[in-house]
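**Q** Dropping in run-v8.cif, with mmCIF, C-alpha atoms, pLDDT in the B column; chains and numbers go by the auth columns.
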data_data
#
loop_
_atom_site.group_PDB
_atom_site.id
_atom_site.type_symbol
_atom_site.label_atom_id
_atom_site.label_comp_id
_atom_site.label_asym_id
_atom_site.label_seq_id
_atom_site.Cartn_x
_atom_site.Cartn_y
_atom_site.Cartn_z
_atom_site.B_iso_or_equiv
_atom_site.auth_seq_id
_atom_site.auth_asym_id
ATOM 1 C CA MET A 1 13.523 -11.863 10.807 52.00 1 A
ATOM 2 C CA PRO A 2 10.379 -10.658 12.524 56.00 2 A
ATOM 3 C CA ALA A 3 8.318 -13.500 13.968 56.00 3 A
ATOM 4 C CA ALA A 4 4.910 -12.084 13.066 83.00 4 A
ATOM 5 C CA ALA A 5 3.417 -9.990 10.339 92.00 5 A
ATOM 6 C CA MET A 6 3.031 -6.253 10.854 96.00 6 A
ATOM 7 C CA ARG A 7 -0.538 -4.963 10.972 97.00 7 A
ATOM 8 C CA ILE A 8 -1.782 -1.447 11.601 97.00 8 A
ATOM 9 C CA ARG A 9 -5.132 0.250 11.232 97.00 9 A
ATOM 10 C CA VAL A 10 -5.309 4.032 10.892 97.00 10 A
ATOM 11 C CA PRO A 11 -7.861 6.607 9.739 96.00 11 A
ATOM 12 C CA ALA A 12 -7.597 7.381 6.006 95.00 12 A
ATOM 13 C CA GLN A 13 -5.978 10.765 6.628 95.00 13 A
ATOM 14 C CA ALA A 14 -2.806 12.301 5.230 94.00 14 A
ATOM 15 C CA GLU A 15 -1.632 12.989 8.783 95.00 15 A
ATOM 16 C CA GLN A 16 -1.168 9.219 9.256 95.00 16 A
ATOM 17 C CA MET A 17 1.327 8.801 6.402 95.00 17 A
ATOM 18 C CA ALA A 18 4.491 9.503 8.423 96.00 18 A
ATOM 19 C CA ARG A 19 3.522 6.807 10.926 96.00 19 A
ATOM 20 C CA VAL A 20 2.657 4.290 8.200 97.00 20 A
ATOM 21 C CA ARG A 21 5.907 4.933 6.285 97.00 21 A
ATOM 22 C CA ALA A 22 7.963 4.630 9.478 97.00 22 A
ATOM 23 C CA GLU A 23 6.339 1.365 10.584 97.00 23 A
ATOM 24 C CA VAL A 24 6.604 -0.230 7.138 97.00 24 A
ATOM 25 C CA GLY A 25 10.244 0.882 6.879 96.00 25 A
ATOM 26 C CA GLU A 26 11.129 -0.503 10.298 96.00 26 A
ATOM 27 C CA TYR A 27 9.438 -3.836 9.575 96.00 27 A
ATOM 28 C CA ALA A 28 11.130 -4.088 6.160 95.00 28 A
ATOM 29 C CA ARG A 29 14.571 -3.426 7.690 95.00 29 A
ATOM 30 C CA ASP A 30 13.923 -5.961 10.460 94.00 30 A
ATOM 31 C CA SER A 31 12.968 -8.458 7.738 93.00 31 A
ATOM 32 C CA GLY A 32 16.386 -8.109 6.093 92.00 32 A
ATOM 33 C CA MET A 33 15.311 -6.007 3.128 94.00 33 A
ATOM 34 C CA THR A 34 17.964 -3.892 1.414 92.00 34 A
ATOM 35 C CA GLU A 35 17.834 -0.127 1.909 94.00 35 A
ATOM 36 C CA THR A 36 16.674 0.310 -1.699 94.00 36 A
ATOM 37 C CA GLY A 37 13.920 -2.230 -1.042 94.00 37 A
ATOM 38 C CA VAL A 38 12.907 -0.382 2.138 96.00 38 A
ATOM 39 C CA GLU A 39 12.643 2.881 0.191 96.00 39 A
ATOM 40 C CA ASN A 40 10.592 1.142 -2.510 96.00 40 A
ATOM 41 C CA ALA A 41 8.250 -0.367 0.094 96.00 41 A
ATOM 42 C CA GLN A 42 7.773 3.048 1.687 97.00 42 A
ATOM 43 C CA THR A 43 7.053 4.676 -1.678 96.00 43 A
ATOM 44 C CA ILE A 44 4.579 1.926 -2.551 96.00 44 A
ATOM 45 C CA VAL A 45 2.707 2.183 0.755 97.00 45 A
ATOM 46 C CA THR A 46 2.588 5.967 0.349 95.00 46 A
ATOM 47 C CA GLU A 47 1.080 5.712 -3.138 93.00 47 A
ATOM 48 C CA ALA A 48 -1.429 3.026 -2.153 94.00 48 A
ATOM 49 C CA CYS A 49 -2.552 4.918 0.956 94.00 49 A
ATOM 50 C CA ALA A 50 -2.718 8.232 -0.923 92.00 50 A
ATOM 51 C CA ASN A 51 -5.106 6.688 -3.440 90.00 51 A
ATOM 52 C CA SER A 52 -7.342 5.458 -0.642 91.00 52 A
ATOM 53 C CA ILE A 53 -7.179 8.777 1.199 91.00 53 A
ATOM 54 C CA LYS A 54 -8.111 10.675 -1.947 88.00 54 A
ATOM 55 C CA HIS A 55 -10.699 8.362 -3.503 87.00 55 A
ATOM 56 C CA ALA A 56 -12.133 5.782 -1.094 90.00 56 A
ATOM 57 C CA TYR A 57 -14.418 7.736 1.177 89.00 57 A
ATOM 58 C CA GLY A 58 -15.397 10.739 -0.948 84.00 58 A
ATOM 59 C CA ASP A 59 -16.995 13.507 1.104 82.00 59 A
ATOM 60 C CA SER A 60 -17.790 11.135 3.985 84.00 60 A
ATOM 61 C CA PRO A 61 -15.705 11.199 7.162 87.00 61 A
ATOM 62 C CA PRO A 62 -12.503 9.209 6.599 88.00 62 A
ATOM 63 C CA GLY A 63 -12.845 5.518 7.235 94.00 63 A
ATOM 64 C CA PRO A 64 -10.105 3.075 8.139 96.00 64 A
ATOM 65 C CA LEU A 65 -7.029 1.974 6.255 97.00 65 A
ATOM 66 C CA GLU A 66 -5.486 -1.389 7.085 97.00 66 A
ATOM 67 C CA ILE A 67 -1.847 -1.940 6.255 98.00 67 A
ATOM 68 C CA SER A 68 -0.068 -5.256 6.687 97.00 68 A
ATOM 69 C CA ALA A 69 3.362 -6.547 5.786 97.00 69 A
ATOM 70 C CA ASP A 70 4.856 -9.999 5.997 96.00 70 A
ATOM 71 C CA ALA A 71 8.211 -11.476 5.016 93.00 71 A
ATOM 72 C CA GLN A 72 7.770 -14.930 3.508 86.00 72 A
ATOM 73 C CA ASP A 73 9.620 -17.107 1.008 83.00 73 A
ATOM 74 C CA GLU A 74 12.213 -14.429 0.143 90.00 74 A
ATOM 75 C CA GLN A 75 9.351 -12.049 -0.633 93.00 75 A
ATOM 76 C CA PHE A 76 8.045 -8.991 1.184 95.00 76 A
ATOM 77 C CA LEU A 77 4.248 -8.914 1.017 96.00 77 A
ATOM 78 C CA LEU A 78 2.572 -5.547 1.548 97.00 78 A
ATOM 79 C CA VAL A 79 -1.220 -5.136 1.618 97.00 79 A
ATOM 80 C CA VAL A 80 -3.192 -1.882 1.842 97.00 80 A
ATOM 81 C CA ARG A 81 -6.958 -2.070 2.230 97.00 81 A
ATOM 82 C CA ASP A 82 -9.737 0.475 2.579 96.00 82 A
ATOM 83 C CA PHE A 83 -13.458 -0.049 3.094 95.00 83 A
ATOM 84 C CA GLY A 84 -14.691 2.768 0.889 92.00 84 A
ATOM 85 C CA SER A 85 -16.654 3.054 -2.328 89.00 85 A
ATOM 86 C CA GLY A 86 -14.423 0.798 -4.421 88.00 86 A
ATOM 87 C CA ILE A 87 -13.146 1.545 -7.901 80.00 87 A
ATOM 88 C CA GLY A 88 -15.700 1.823 -10.684 70.00 88 A
ATOM 89 C CA PRO A 89 -15.220 2.586 -14.356 65.00 89 A
ATOM 90 C CA ARG A 90 -14.143 6.188 -14.783 58.00 90 A
ATOM 91 C CA THR A 91 -13.285 7.929 -17.994 49.00 91 A
ATOM 92 C CA ASP A 92 -12.664 11.445 -16.707 52.00 92 A
ATOM 93 C CA ALA A 93 -9.235 12.915 -16.104 51.00 93 A
ATOM 94 C CA ALA A 94 -10.174 13.842 -12.528 51.00 94 A
ATOM 95 C CA HIS A 95 -8.990 10.458 -11.309 51.00 95 A
ATOM 96 C CA SER A 96 -5.678 10.326 -13.180 51.00 96 A
ATOM 97 C CA SER A 97 -3.831 10.308 -9.838 51.00 97 A
ATOM 98 C CA LEU A 98 -5.104 6.759 -9.255 51.00 98 A
ATOM 99 C CA HIS A 99 -3.468 5.614 -12.488 64.00 99 A
ATOM 100 C CA ALA A 100 -0.217 7.462 -11.751 75.00 100 A
ATOM 101 C CA GLY A 101 0.012 5.797 -8.330 82.00 101 A
ATOM 102 C CA LEU A 102 -0.585 2.361 -9.811 85.00 102 A
ATOM 103 C CA SER A 103 2.126 2.977 -12.428 88.00 103 A
ATOM 104 C CA ILE A 104 4.614 3.807 -9.678 90.00 104 A
ATOM 105 C CA ILE A 105 3.577 0.738 -7.679 92.00 105 A
ATOM 106 C CA GLY A 106 3.947 -1.461 -10.753 89.00 106 A
ATOM 107 C CA ALA A 107 7.396 -0.070 -11.555 90.00 107 A
ATOM 108 C CA LEU A 108 8.745 -0.669 -8.039 92.00 108 A
ATOM 109 C CA SER A 109 7.252 -4.084 -7.278 92.00 109 A
ATOM 110 C CA SER A 110 7.815 -7.650 -8.448 91.00 110 A
ATOM 111 C CA SER A 111 4.049 -7.988 -8.827 92.00 111 A
ATOM 112 C CA PHE A 112 0.857 -6.458 -7.564 93.00 112 A
ATOM 113 C CA ARG A 113 -2.826 -7.327 -7.489 95.00 113 A
ATOM 114 C CA LEU A 114 -5.664 -4.852 -7.205 93.00 114 A
ATOM 115 C CA SER A 115 -9.047 -6.041 -5.986 94.00 115 A
ATOM 116 C CA SER A 116 -12.020 -3.723 -5.628 90.00 116 A
ATOM 117 C CA HIS A 117 -15.707 -4.210 -4.954 90.00 117 A
ATOM 118 C CA ARG A 118 -18.125 -1.315 -5.219 88.00 118 A
ATOM 119 C CA GLY A 119 -19.303 -0.245 -1.805 85.00 119 A
ATOM 120 C CA GLN A 120 -16.930 -2.644 -0.042 90.00 120 A
ATOM 121 C CA GLY A 121 -13.516 -1.155 -0.648 93.00 121 A
ATOM 122 C CA THR A 122 -10.255 -1.760 -2.412 94.00 122 A
ATOM 123 C CA GLU A 123 -7.228 -3.886 -1.617 96.00 123 A
ATOM 124 C CA ILE A 124 -3.817 -3.769 -3.217 96.00 124 A
ATOM 125 C CA GLU A 125 -1.378 -6.598 -2.590 97.00 125 A
ATOM 126 C CA VAL A 126 2.241 -5.969 -3.546 96.00 126 A
ATOM 127 C CA ARG A 127 5.250 -8.285 -3.586 96.00 127 A
ATOM 128 C CA LEU A 128 8.855 -7.156 -3.473 95.00 128 A
ATOM 129 C CA PRO A 129 12.034 -9.216 -3.184 92.00 129 A
ATOM 130 C CA LEU A 130 13.621 -9.232 0.261 88.00 130 A
ATOM 131 C CA ALA A 131 17.086 -9.172 -1.310 80.00 131 A
ATOM 132 C CA GLU A 132 18.250 -7.810 -4.630 65.00 132 A
ATOM 133 C CA ALA A 133 19.217 -10.351 -7.279 50.00 133 A
ATOM 134 C CA ALA A 134 22.943 -11.022 -7.474 41.00 134 A
#
Could you spell out this file's structure in structure tokens?

**A**
Amino acid sequence: MPAAAMRIRVPAQAEQMARVRAEVGEYARDSGMTETGVENAQTIVTEACANSIKHAYGDSPPGPLEISADAQDEQFLLVVRDFGSGIGPRTDAAHSSLHAGLSIIGALSSSFRLSSHRGQGTEIEVRLPLAEAA
């Protein structure tokens, strides 16, 4: 098992997704996660980052994304954080991609928590099992 948590900080740009997916996948494998779990972790980090890339910084230059992962207590903890506008109440269909991404994250994870503060950013914390149940 890896001795320390994985942490990376990248600009909120689509061009960074291959790097993020690769680093999360490598850390998950090194943590003993099953190949299905690795694929789920990579899908989850893609969805979480895509939401930040699309919604967090609006028309401003892209700000940072922080991604961390840690294997602890038979769980794989994945956190994606941006420092953008935060999530406010929206009733229009223009932001349906946010809801679709969260549905995918919810379906693939054991649990997730979304925390957002207007003007301060959004954080999503996801837990997945390191090993599949027997």

**Q** For Leu78 in chain A, which residue among A:Glu39, A:Glu125, A:Glu15, A:Glu47 is the nearest when counting only C-alpha atoms?

**A** A:Glu125

**Q** Could you tell me how far CA of Ala28 in chain A lies from CA of His117 in chain A, in Å and to one decimal?

**A**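 Interatomic distance, CA of Ala28 in chain A to CA of His117 in chain A: 29.0 Å.
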
**Q** Could you tell me how far CA of Ala131 in chain A sits from CA of Ser52 in chain A, in Å to one decimal place?

**A**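 Computing the Euclidean distance for CA of Ser52 in chain A and CA of Ala131 in chain A yields 28.5 Å.
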
**Q** Residues at most 6 Å from Ile67 in chain A, counting all atoms listed in the file, excluding those fewer than 6 positions away in the same chain, as an NGL selection string?

**A** :A and (7-8 or 79-80)

**Q** Would you mind exporting C-alpha atoms of the selected residues as a JSON list (two decimals), in the coordinates of the input?

**A**
[["chain", "number", "residue", "atom", "x", "y", "z"],
["A", 7, "ARG", "CA", -0.54, -4.96, 10.97],
["A", 8, "ILE", "CA", -1.78, -1.45, 11.60],
["A", 79, "VAL", "CA", -1.22, -5.14, 1.62],
["A", 80, "VAL", "CA", -3.19, -1.88, 1.84]]

**Q** Can you spell out as a list in words the set of residues that the PyMOL selection byres ((chain A and resi 58-65) around 8) selects in the structure I just provided?

**A**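 Residues picked by the PyMOL selection byres ((chain A and resi 58-65) around 8): Arg9, Val10, Pro11, Ala12, Gln13, Cys49, Ser52, Ile53, Lys54, His55, Ala56, Tyr57, Glu66, Ile67, Val80, Arg81, Asp82, Phe83, Gly84 and Ser85 of chain A.
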